[in-house]
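As structure tokens, the structure follows; a few thoughts come after it.
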Amino acid sequence: MWIAVLSSNEVKRGRPIGVKRLNMNLVFWRDRSGGVHALLDDCPHRRAKLSLGKVVDDNIQCPYHGFEFDGSGKVVKVPALGKSSKPPEYIRAFSIPVYEAHDIIWIWYGSGVRSEKPRFFDDLDGLSAYSEYSETWSVSLPRAVENQLDVFHLPYVHYNTIGRGGRTLVHGPLVKIVDDYSFIVYPFNEVDRGQRPLRSNEINIAMLKNYLWFIYPNLWENYISKNMRIVAFFAPVDSNNTKIYIRLYMKATGVKALDMLITKLIMPLNIYILHQDRRVVLTQTNDITHDKLIHADVPIALYRRMYFSDKELNKLLDDRTPGKK
């Protein structure tokens with residue numbers, strides 16, 4: 001399955017970058033045409049970090065002995081062996097499938113049949129201007145994801161921002177399952193005047209203007225209005241750390257440069273809201289198996305059904321797996 005792990009602007013031309021994702025140390029680089037490649041950040045010769053090397057003729061060069069590897073992991077040059085020598089074929093770096101679109105870099109994990117491209121939100125047409133912010137939280141991937149699927153916490157954690165104070169009655173929530181790996185949540189909170197909370201089948205979807213859209217394993221969108229969205233992806237570093245990327249997309253004027261400026265001016269508010277979440281989420285234990293869910297946690301239960309059935313992702317994020325550092 002494809003999983004979003006980096007923002008495109010993090011991988012510069014001519015300069016490798018080493019990052020940890022899915023409990024693996026990886027090196028990314030761009031070739032001269034702009035294509036992105038990824039290998040395990042581990043030279044198969046003497047185990048030096050490839051990310052400390054440099055990009056040479058579209059290949060990554062090991063900093064220790066100058067071995068050059070292409071994007072498939074094949075060694076194409078060993079300088080010390082001389083120009084007339086053929087590089088040893090049995091030395092091969094481990095290649096990671098990569099896909100880049102929407103200014104996001106995905107990698108493929110697992111042994112299943114690789115899909116042509118990752119899934120992404122199809123309601124962003126015309127919203128090309130955005131600003132981005134990212135930071136790493138010392139929490140597991142599920143805790144980071146589930147916080148954004150939790151419609152029950154808004155009146156309390158975000159009481160002075162998007163929670164709007166006393167709107168404490170949470171209806172439903174109404175959840176629409178798109179397919180096996182995607183669902184949409186329609187939050188409906190209002191002032192508690194003593195009325196009975198509505199069940200999901202009692203909510204008129206036509207009344208609701210906003211929604212949250214989740215695409216497994218780690219993409220989330222908050223539909224705020226026709227001309228404004230917040231998109232996030234949660235890149236798992238390891239079992240205890242997750243890098244959170246948030247983007248504010250907007251079409252206020254129709255002039256991209258001006259709209260980008262507006263998103264940058266508004267982004268501090270989104271960061272403040274994110275940090276309201278962080279204050280609480282960092283206190284949670286990473287073990288989600290002992291939580292006692294309630295009716296408002298339907299989106300979280302749906303996510304957990306997907307996550308617990310994803311044996312390959314769980315294996316990658318399990319520190320007890322042999323060979324993990």
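As shown in the structure tokens, the chain order sets the letters A, B, ...; within each chain, residues go from 1, and ligands are also counted from 1 in the order they appear.
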
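Excluding A:Arg47 itself and any same-chain residue fewer than 6 positions from it, the protein and nucleic acid residues within 10 Å of it, counting only C-alpha atoms, are A:Asp41, A:Cys62, A:Tyr64.
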
Contacts of A:Gly254 at 12 Å (only C-alpha atoms; same-chain gap of 6+ positions) as a VMD selection string:
chain A and resid 126 to 129 227 260 262

Once you have the residues from the selection above, write them out as a PDB file, in the first residue's frame, restricted to C-alpha atoms.
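Result went into selection.pdb, see below:
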```pdb
ATOM      1  CA  GLY A 126      -8.961  24.836  -8.335  1.00  0.00           C
ATOM      2  CA  LEU A 127      -7.278  24.930  -4.934  1.00  0.00           C
ATOM      3  CA  SER A 128      -3.614  25.035  -5.931  1.00  0.00           C
ATOM      4  CA  ALA A 129      -2.461  27.675  -3.432  1.00  0.00           C
ATOM      5  CA  ASN A 227     -12.699  27.666  -1.268  1.00  0.00           C
ATOM      6  CA  MET A 260      -0.499  31.686  -1.049  1.00  0.00           C
ATOM      7  CA  ILE A 262      -3.088  34.717   2.575  1.00  0.00           C
TER       8      ILE A 262
END
```

Please return as a VMD selection string: the residues of stretch 117-220 of chain A that backbone DSSP assigns to strand (DSSP E or B).
chain A and resid 130 to 137 169 to 179 182 to 190 211 to 215 219 to 220

Could you tell me how far atom CA of A:Tyr245 sits from atom CA of A:Trp213, in Å to one decimal place?
15.8 Å

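Near A:Asn23, within 6 Å and counting only C-alpha atoms, sit Val237, Asp238 and Leu317 of chain A; same-chain residues fewer than 4 positions away were not included.
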
Saved selection, atoms kept: C-alpha atoms, as a short mmCIF file (atom, residue, chain, number, x, y, z; two decimals), in the first residue's frame:
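Final file, selection-v9.cif:
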```
data_model
loop_
_atom_site.label_atom_id
_atom_site.label_comp_id
_atom_site.auth_asym_id
_atom_site.auth_seq_id
_atom_site.Cartn_x
_atom_site.Cartn_y
_atom_site.Cartn_z
CA VAL A 237 8.75 7.66 11.90
CA ASP A 238 8.68 4.60 14.16
CA LEU A 317 6.04 -0.38 13.26
#
```

Write down as a PyMOL selection string the residues of stretch 130-284 of chain A whose backbone DSSP state falls under helix (DSSP H, G or I).
chain A and resi 141-149+154-157+200-202+205-207+256-281

With a distance cut-off of 12 Å and only C-alpha atoms, select the neighbouring residues of A:Arg32, excluding the residue or stretch itself and same-chain residues fewer than 4 positions from it, and output the selection as an NGL selection string.
:A and (12-15 or 36-37 or 55-59)
